[in-house]
>>> print(open('start.cif').read())   # mmCIF, C-alpha atoms and all ligand atoms
data_run
loop_
_atom_site.label_atom_id
_atom_site.label_comp_id
_atom_site.auth_asym_id
_atom_site.auth_seq_id
_atom_site.Cartn_x
_atom_site.Cartn_y
_atom_site.Cartn_z
CA MET A 1 124.03 84.69 149.22
CA ILE A 2 121.00 84.44 146.92
CA SER A 3 122.34 82.17 144.21
CA GLY A 4 119.59 80.78 141.95
CA LYS A 5 116.86 82.81 143.62
CA VAL A 6 114.40 84.87 141.58
CA ALA A 7 113.96 88.55 142.45
CA LEU A 8 111.47 91.13 141.21
CA VAL A 9 112.69 94.71 141.69
CA THR A 10 110.47 97.71 140.91
CA GLY A 11 112.18 100.89 139.74
CA GLY A 12 115.33 98.92 138.98
CA THR A 13 116.63 101.14 136.19
CA ARG A 14 118.27 103.92 138.22
CA GLY A 15 119.60 104.86 141.65
CA ILE A 16 118.98 102.54 144.59
CA GLY A 17 116.90 100.08 142.56
CA ARG A 18 119.64 99.70 139.97
CA ALA A 19 122.25 99.15 142.71
CA ILE A 20 120.01 96.41 144.15
CA VAL A 21 119.64 94.79 140.72
CA GLU A 22 123.42 94.84 140.20
CA LYS A 23 124.08 93.52 143.72
CA PHE A 24 121.53 90.72 143.33
CA VAL A 25 122.85 89.50 139.96
CA ALA A 26 126.41 89.66 141.31
CA ASN A 27 125.17 87.29 144.02
CA GLY A 28 123.66 84.87 141.53
CA ALA A 29 119.98 85.87 141.40
CA HIS A 30 117.78 85.88 138.32
CA ILE A 31 116.06 89.23 137.95
CA VAL A 32 112.89 90.85 136.70
CA LEU A 33 113.22 94.62 136.91
CA THR A 34 110.67 97.29 136.14
CA GLY A 35 110.68 100.99 135.26
CA ARG A 36 108.49 103.45 133.43
CA SER A 37 111.24 104.36 130.95
CA GLU A 38 113.33 102.07 128.74
CA LEU A 39 116.06 99.89 130.19
CA PRO A 40 119.30 101.96 130.02
CA ALA A 41 121.72 100.51 127.44
CA ASP A 42 124.66 100.28 129.87
CA LEU A 43 122.57 98.36 132.42
CA GLU A 44 121.30 96.05 129.68
CA GLU A 45 124.89 95.32 128.70
CA LYS A 46 125.86 94.56 132.32
CA LEU A 47 122.88 92.23 132.75
CA ARG A 48 123.63 90.43 129.47
CA VAL A 49 127.12 89.39 130.60
CA CYS A 50 126.36 88.66 134.26
CA GLY A 51 125.68 84.94 133.86
CA THR A 52 122.16 84.97 135.30
CA GLU A 53 118.90 85.59 133.43
CA TYR A 54 116.92 88.79 133.44
CA ARG A 55 113.70 90.28 132.08
CA PHE A 56 112.80 93.97 131.90
CA VAL A 57 109.14 95.02 132.16
CA LYS A 58 108.04 98.54 131.31
CA ALA A 59 105.45 99.03 134.03
CA ASP A 60 103.97 101.85 136.08
CA SER A 61 104.06 100.73 139.71
CA ALA A 62 100.94 102.75 140.49
CA LEU A 63 98.86 100.49 138.24
CA ALA A 64 97.62 97.14 139.56
CA ALA A 65 97.37 95.69 136.04
CA ASP A 66 101.05 96.51 135.40
CA ALA A 67 102.03 94.82 138.68
CA GLU A 68 100.16 91.68 137.63
CA MET A 69 101.89 91.79 134.25
CA ALA A 70 105.33 92.06 135.92
CA VAL A 71 104.62 89.12 138.23
CA LYS A 72 103.30 87.07 135.28
CA THR A 73 106.52 87.81 133.39
CA CYS A 74 108.47 86.52 136.39
CA ILE A 75 106.40 83.34 136.64
CA ASP A 76 106.48 82.67 132.88
CA ALA A 77 110.27 83.08 132.83
CA PHE A 78 111.31 81.49 136.11
CA GLY A 79 108.27 79.77 137.65
CA ARG A 80 108.64 81.51 141.03
CA VAL A 81 109.28 84.76 142.92
CA ASP A 82 111.59 84.41 145.91
CA ILE A 83 112.26 88.09 146.54
CA LEU A 84 110.13 91.17 145.90
CA VAL A 85 111.74 94.60 146.30
CA ASN A 86 109.19 97.42 146.21
CA ASN A 87 111.63 100.20 145.44
CA ALA A 88 109.97 102.51 142.86
CA GLY A 89 109.35 105.94 144.33
CA ILE A 90 109.00 109.61 143.50
CA THR A 91 108.91 112.96 145.28
CA ARG A 92 106.64 115.96 144.63
CA ASP A 93 107.89 118.20 147.42
CA GLY A 94 106.24 121.40 148.59
CA LEU A 95 104.80 122.98 151.69
CA LEU A 96 101.34 121.67 152.55
CA MET A 97 99.86 125.12 151.94
CA ARG A 98 100.88 124.84 148.26
CA MET A 99 100.59 121.09 147.80
CA SER A 100 98.08 120.16 145.12
CA GLU A 101 95.77 117.17 145.29
CA ALA A 102 97.59 115.79 142.23
CA ALA A 103 100.95 116.02 144.05
CA TRP A 104 99.43 114.08 146.96
CA ASP A 105 97.78 111.44 144.75
CA ASP A 106 100.82 110.89 142.51
CA VAL A 107 103.16 110.31 145.44
CA LEU A 108 100.75 108.10 147.37
CA ASN A 109 99.96 106.05 144.26
CA VAL A 110 103.53 105.51 143.07
CA ASN A 111 105.09 105.07 146.52
CA LEU A 112 102.42 103.34 148.62
CA LYS A 113 99.68 101.92 146.41
CA SER A 114 102.43 100.28 144.35
CA VAL A 115 103.53 98.33 147.43
CA PHE A 116 99.95 97.08 147.83
CA ASN A 117 99.75 96.26 144.10
CA TYR A 118 102.92 94.18 143.97
CA THR A 119 102.50 92.49 147.34
CA LYS A 120 98.95 91.43 146.36
CA ALA A 121 100.23 90.18 143.01
CA VAL A 122 103.04 88.00 144.50
CA GLN A 123 101.20 86.89 147.62
CA GLY A 124 99.55 83.81 146.06
CA VAL A 125 102.82 82.71 144.48
CA MET A 126 104.78 83.03 147.72
CA LEU A 127 102.02 81.29 149.70
CA ARG A 128 102.22 78.30 147.36
CA GLN A 129 106.02 78.30 147.60
CA ARG A 130 105.80 78.63 151.39
CA CYS A 131 108.67 81.07 151.31
CA GLY A 132 109.49 84.58 150.22
CA SER A 133 111.17 87.81 151.24
CA ILE A 134 109.43 91.13 150.63
CA ILE A 135 111.51 94.30 151.02
CA ASN A 136 109.79 97.69 150.92
CA MET A 137 111.69 100.94 150.46
CA SER A 138 110.61 103.40 153.14
CA SER A 139 112.63 106.46 154.24
CA VAL A 140 113.82 108.28 157.33
CA SER A 141 111.18 110.87 156.29
CA GLY A 142 108.53 108.24 157.05
CA ILE A 143 109.88 107.86 160.58
CA GLY A 144 110.67 111.43 161.57
CA GLY A 145 108.64 113.47 159.05
CA ASN A 146 110.15 116.27 156.97
CA ALA A 147 108.92 119.80 156.28
CA GLY A 148 107.93 120.09 152.63
CA GLN A 149 107.39 116.34 152.28
CA ALA A 150 103.99 115.69 153.88
CA ASN A 151 102.91 113.53 150.92
CA TYR A 152 106.23 111.66 150.69
CA ALA A 153 106.55 111.14 154.45
CA ALA A 154 102.95 109.90 154.66
CA SER A 155 103.61 107.39 151.87
CA LYS A 156 106.80 106.17 153.53
CA ALA A 157 105.18 105.92 157.00
CA GLY A 158 102.34 103.98 155.36
CA ILE A 159 104.87 101.53 153.96
CA ILE A 160 106.11 100.81 157.49
CA GLY A 161 102.60 100.02 158.82
CA PHE A 162 101.90 97.92 155.74
CA SER A 163 105.16 95.97 156.06
CA LYS A 164 104.64 95.19 159.74
CA SER A 165 101.07 94.01 159.06
CA VAL A 166 102.10 91.80 156.13
CA ALA A 167 104.89 90.32 158.29
CA LYS A 168 102.25 89.29 160.84
CA GLU A 169 99.79 88.00 158.23
CA LEU A 170 102.23 85.91 156.23
CA GLY A 171 104.86 84.92 158.78
CA SER A 172 103.27 81.52 159.47
CA ARG A 173 103.90 80.65 155.78
CA ASN A 174 107.60 81.55 156.02
CA ILE A 175 107.11 84.80 154.10
CA ARG A 176 109.14 87.65 155.58
CA CYS A 177 108.42 91.33 155.05
CA ASN A 178 110.75 94.15 156.08
CA ALA A 179 111.29 97.81 155.27
CA ILE A 180 114.49 99.73 154.68
CA ALA A 181 114.61 103.39 155.69
CA PRO A 182 117.45 105.10 153.81
CA GLY A 183 118.74 108.51 154.83
CA PHE A 184 120.19 110.86 152.18
CA ILE A 185 121.45 108.76 149.29
CA GLU A 186 123.25 110.09 146.19
CA THR A 187 120.82 109.44 143.34
CA ASP A 188 118.83 111.43 140.78
CA MET A 189 116.23 111.96 143.53
CA THR A 190 118.65 114.05 145.58
CA ALA A 191 120.70 115.43 142.67
CA GLY A 192 118.79 118.71 142.73
CA LEU A 193 120.16 119.68 146.16
CA SER A 194 122.71 122.50 146.08
CA ALA A 195 126.29 121.95 147.26
CA GLU A 196 125.51 124.12 150.27
CA VAL A 197 122.52 122.00 151.30
CA ARG A 198 124.56 118.82 150.82
CA GLU A 199 127.26 120.19 153.09
CA GLN A 200 124.66 121.06 155.72
CA ILE A 201 123.16 117.59 155.50
CA ALA A 202 126.58 115.89 155.71
CA LYS A 203 127.27 117.78 158.94
CA THR A 204 124.20 116.17 160.56
CA ILE A 205 125.37 112.66 159.63
CA ALA A 206 127.69 110.78 162.01
CA LEU A 207 129.64 109.31 159.09
CA LYS A 208 129.91 112.80 157.51
CA ARG A 209 128.82 111.76 154.03
CA MET A 210 125.70 111.07 152.03
CA GLY A 211 124.96 107.42 151.40
CA ARG A 212 125.67 105.55 148.19
CA PRO A 213 123.07 103.37 146.45
CA GLU A 214 125.30 100.38 147.18
CA ASP A 215 124.98 101.04 150.93
CA ILE A 216 121.26 100.35 150.62
CA ALA A 217 121.77 97.43 148.22
CA ASN A 218 123.91 95.71 150.86
CA VAL A 219 121.05 95.90 153.38
CA ALA A 220 118.62 94.62 150.74
CA LEU A 221 120.92 91.68 150.00
CA PHE A 222 121.01 90.75 153.69
CA LEU A 223 117.20 90.97 154.04
CA ALA A 224 116.70 89.00 150.81
CA SER A 225 119.03 86.19 151.88
CA ASP A 226 118.68 83.33 154.35
CA MET A 227 121.07 85.27 156.61
CA ALA A 228 117.91 87.16 157.59
CA ALA A 229 115.80 84.01 158.01
CA TYR A 230 114.61 85.14 161.47
CA VAL A 231 114.14 88.84 160.64
CA THR A 232 110.66 90.08 159.77
CA GLY A 233 108.43 93.07 160.47
CA GLN A 234 111.49 95.31 160.92
CA VAL A 235 112.55 98.70 159.65
CA VAL A 236 116.28 98.78 158.98
CA VAL A 237 117.50 102.37 159.07
CA CYS A 238 120.51 102.94 156.81
CA ASP A 239 121.39 106.62 157.17
CA GLY A 240 125.02 106.86 158.26
CA GLY A 241 123.85 107.84 161.75
CA MET A 242 121.78 110.95 161.07
P1 LIG B 301 115.61 107.62 141.56
O1 LIG B 301 117.08 107.69 141.37
O2 LIG B 301 114.76 108.77 141.19
O3 LIG B 301 115.07 106.30 140.82
C1 LIG B 301 113.71 105.98 140.90
C2 LIG B 301 113.45 104.66 140.21
O4 LIG B 301 112.05 104.40 140.35
C3 LIG B 301 113.77 104.68 138.73
O5 LIG B 301 114.25 103.42 138.34
C4 LIG B 301 112.40 104.96 138.09
O6 LIG B 301 112.28 104.38 136.83
C5 LIG B 301 111.48 104.24 139.07
N1 LIG B 301 110.12 104.75 139.04
C6 LIG B 301 109.67 105.98 139.39
N2 LIG B 301 108.34 106.04 139.25
C7 LIG B 301 107.94 104.82 138.80
C8 LIG B 301 106.69 104.26 138.47
N3 LIG B 301 105.54 104.96 138.55
N4 LIG B 301 106.66 102.99 138.05
C9 LIG B 301 107.79 102.26 137.94
N5 LIG B 301 108.99 102.73 138.24
C10 LIG B 301 109.07 104.01 138.66
O7 LIG B 301 115.25 107.33 143.09
P2 LIG B 301 116.12 106.66 144.25
O8 LIG B 301 116.78 107.74 145.02
O9 LIG B 301 116.92 105.55 143.71
O10 LIG B 301 114.95 106.10 145.17
C11 LIG B 301 114.57 104.73 145.19
C12 LIG B 301 113.66 104.49 146.38
O11 LIG B 301 114.36 104.83 147.57
C13 LIG B 301 112.41 105.36 146.38
O12 LIG B 301 111.32 104.63 146.89
C14 LIG B 301 112.76 106.49 147.32
O13 LIG B 301 111.64 107.09 147.89
C15 LIG B 301 113.61 105.76 148.33
N6 LIG B 301 114.50 106.64 149.10
C16 LIG B 301 115.47 107.38 148.47
C17 LIG B 301 116.28 108.20 149.24
C18 LIG B 301 117.39 109.03 148.63
O14 LIG B 301 118.00 109.83 149.36
N7 LIG B 301 117.70 108.91 147.35
C19 LIG B 301 116.10 108.28 150.62
C20 LIG B 301 115.10 107.52 151.21
C21 LIG B 301 114.31 106.69 150.44
P3 LIG B 301 111.95 105.25 135.51
O15 LIG B 301 113.04 106.24 135.37
O16 LIG B 301 111.94 104.26 134.42
O17 LIG B 301 110.63 105.86 135.77
#
>>> encode(input="start.cif", output="structure tokens")
Amino acid sequence: MISGKVALVTGGTRGIGRAIVEKFVANGAHIVLTGRSELPADLEEKLRVCGTEYRFVKADSALAADAEMAVKTCIDAFGRVDILVNNAGITRDGLLMRMSEAAWDDVLNVNLKSVFNYTKAVQGVMLRQRCGSIINMSSVSGIGGNAGQANYAASKAGIIGFSKSVAKELGSRNIRCNAIAPGFIETDMTAGLSAEVREQIAKTIALKRMGRPEDIANVALFLASDMAAYVTGQVVVCDGGM
């Protein structure tokens, strides 16, 4: 579906981002992926044998200079950026009463400012190409709010407003921008939940299970591809019917 296209995926080393990277290369895309840590050896091995090209950039999404470096790596290697997936994200949960300024700033910088950083950095490239698909990872918390996640929910709601605005600003140049709002997905981010809490959550989900990273990667593949050529400014909720 995206054969020969060039995708830049932030936070592509683990969880949802990694599933997106694997899905995209399986569908023929060349990839630049970022993360703060090293590229995991097993992912490196998978990427080496996949038949498309890849680059890994150690970059902190909260830093504008790192975003520019990642985009430059993409341009130097492939000459274009067809797809940007702003996926990197963190949580620093806690009730507002106990939430520190640092916990607010960290989450807003990594989750929301990063989306600004990367979108700014690819904008000129996509404008020249007169095409592009930008996919921003929001959350159901950004739509409905969640006790103990005021910082996280604010960052994810901000991503929705940002995505809809960018869709309106860049639509005339054939650049699409959409958000995905995952529900509870089995990754390191949710690994700390007890079995009891998981069971409670599963009961509130129509499909009676937590999501898998691949469930989100499938939505990202659709939004990245020309199958979604007339879809922009949308929030695709992928939560098993919570
Ligand atoms: P995860 O398993 O914790 O993985 C997070 C990824 O983001 C890792 O690759 C990590 O790389 C990267 N990352 C974190 N901080 C970064 C930074 N400052 N700069 C660059 N990369 C950074 O999380 P996940 O569950 O896959 O979540 C992915 C996205 O989906 C997030 O935006 C999250 O908010 C959203 N989401 C998740 C769920 C869920 O239930 N899991 C639900 C709704 C939305 P390093 O390890 O190298 O730092």
>>> residues_around(input="start.cif", residues="A:Gly35", least_positions_apart="4", cutoff="10 Å", atoms="all atoms listed in the file", output="list in words")
Val9, Thr10, Gly11, Gly12, Thr13, Arg14, Gly17, Leu39, Phe56, Val57, Lys58, Ala59, Asp60, Ser61 and Ala88 of chain A
>>> write_last_selection(input="start.cif", atoms="C-alpha atoms", output="mmCIF file, in the frame of the given file")
data_model
loop_
_atom_site.group_PDB
_atom_site.id
_atom_site.type_symbol
_atom_site.label_atom_id
_atom_site.label_comp_id
_atom_site.auth_asym_id
_atom_site.auth_seq_id
_atom_site.Cartn_x
_atom_site.Cartn_y
_atom_site.Cartn_z
ATOM 1 C CA VAL A 9 112.690 94.710 141.690
ATOM 2 C CA THR A 10 110.470 97.710 140.910
ATOM 3 C CA GLY A 11 112.180 100.890 139.740
ATOM 4 C CA GLY A 12 115.330 98.920 138.980
ATOM 5 C CA THR A 13 116.630 101.140 136.190
ATOM 6 C CA ARG A 14 118.270 103.920 138.220
ATOM 7 C CA GLY A 17 116.900 100.080 142.560
ATOM 8 C CA LEU A 39 116.060 99.890 130.190
ATOM 9 C CA PHE A 56 112.800 93.970 131.900
ATOM 10 C CA VAL A 57 109.140 95.020 132.160
ATOM 11 C CA LYS A 58 108.040 98.540 131.310
ATOM 12 C CA ALA A 59 105.450 99.030 134.030
ATOM 13 C CA ASP A 60 103.970 101.850 136.080
ATOM 14 C CA SER A 61 104.060 100.730 139.710
ATOM 15 C CA ALA A 88 109.970 102.510 142.860
#
>>> residues_near_ligand(input="start.cif", ligand="ligand LIG 301 (chain B)", cutoff="8 Å", atoms="only C-alpha atoms and all ligand atoms", output="MDAnalysis selection string")
chainID A and resid 10:18 34:39 58:62 86:91 110:111 137:141 152 156 181:190 211 213
>>> atom_distance(input="start.cif", atom1="atom CA of A:Val115", atom2="atom CA of A:Leu47")
25.0 Å
>>> closest_residue(input="start.cif", among="A:Glu214, A:Asn117, A:Ile31, A:Ile205", to="A:Gly241", atoms="all atoms listed in the file")
A:Ile205
>>> atom_distance(input="start.cif", atom1="atom CA of A:Leu170", atom2="atom CA of A:Thr52")
28.9 Å
>>> closest_atom_pairs(input="start.cif", of="stretch 23-139 of chain A", to="stretch 215-226 of chain A", cutoff="10 Å", atoms="only C-alpha atoms", output="JSON lines")
{"residue": "A:Lys23", "atom": "CA", "partner": "A:Ala217", "partner_atom": "CA", "distance": 6.4}
{"residue": "A:Phe24", "atom": "CA", "partner": "A:Leu221", "partner_atom": "CA", "distance": 6.8}
{"residue": "A:Asn27", "atom": "CA", "partner": "A:Leu221", "partner_atom": "CA", "distance": 8.5}
{"residue": "A:Asp82", "atom": "CA", "partner": "A:Ala224", "partner_atom": "CA", "distance": 8.4}
{"residue": "A:Ile83", "atom": "CA", "partner": "A:Ala224", "partner_atom": "CA", "distance": 6.2}
{"residue": "A:Leu84", "atom": "CA", "partner": "A:Ala224", "partner_atom": "CA", "distance": 8.5}
{"residue": "A:Val85", "atom": "CA", "partner": "A:Ala220", "partner_atom": "CA", "distance": 8.2}
{"residue": "A:Gly132", "atom": "CA", "partner": "A:Ala224", "partner_atom": "CA", "distance": 8.5}
{"residue": "A:Ser133", "atom": "CA", "partner": "A:Ala224", "partner_atom": "CA", "distance": 5.7}
{"residue": "A:Ile134", "atom": "CA", "partner": "A:Ala224", "partner_atom": "CA", "distance": 7.6}
{"residue": "A:Ile135", "atom": "CA", "partner": "A:Ala220", "partner_atom": "CA", "distance": 7.1}
{"residue": "A:Asn136", "atom": "CA", "partner": "A:Ala220", "partner_atom": "CA", "distance": 9.4}
{"residue": "A:Met137", "atom": "CA", "partner": "A:Ala220", "partner_atom": "CA", "distance": 9.4}
>>> atom_distance(input="start.cif", atom1="atom CA of A:Gly28", atom2="atom CA of A:Tyr54")
11.2 Å
>>> residues_near_point(input="start.cif", point="(107.7, 87.6, 164.1)", cutoff="10 Å", atoms="all atoms listed in the file", output="JSON, numbers by chain")
{"A": [164, 167, 168, 169, 170, 171, 172, 176, 177, 230, 231, 232, 233, 234]}
>>> residues_around(input="start.cif", residues="A:Glu68", least_positions_apart="5", cutoff="9 Å", atoms="all atoms listed in the file", output="list in words")
Leu63, Thr73, Asn117, Tyr118, Lys120, Ala121 and Val122 of chain A
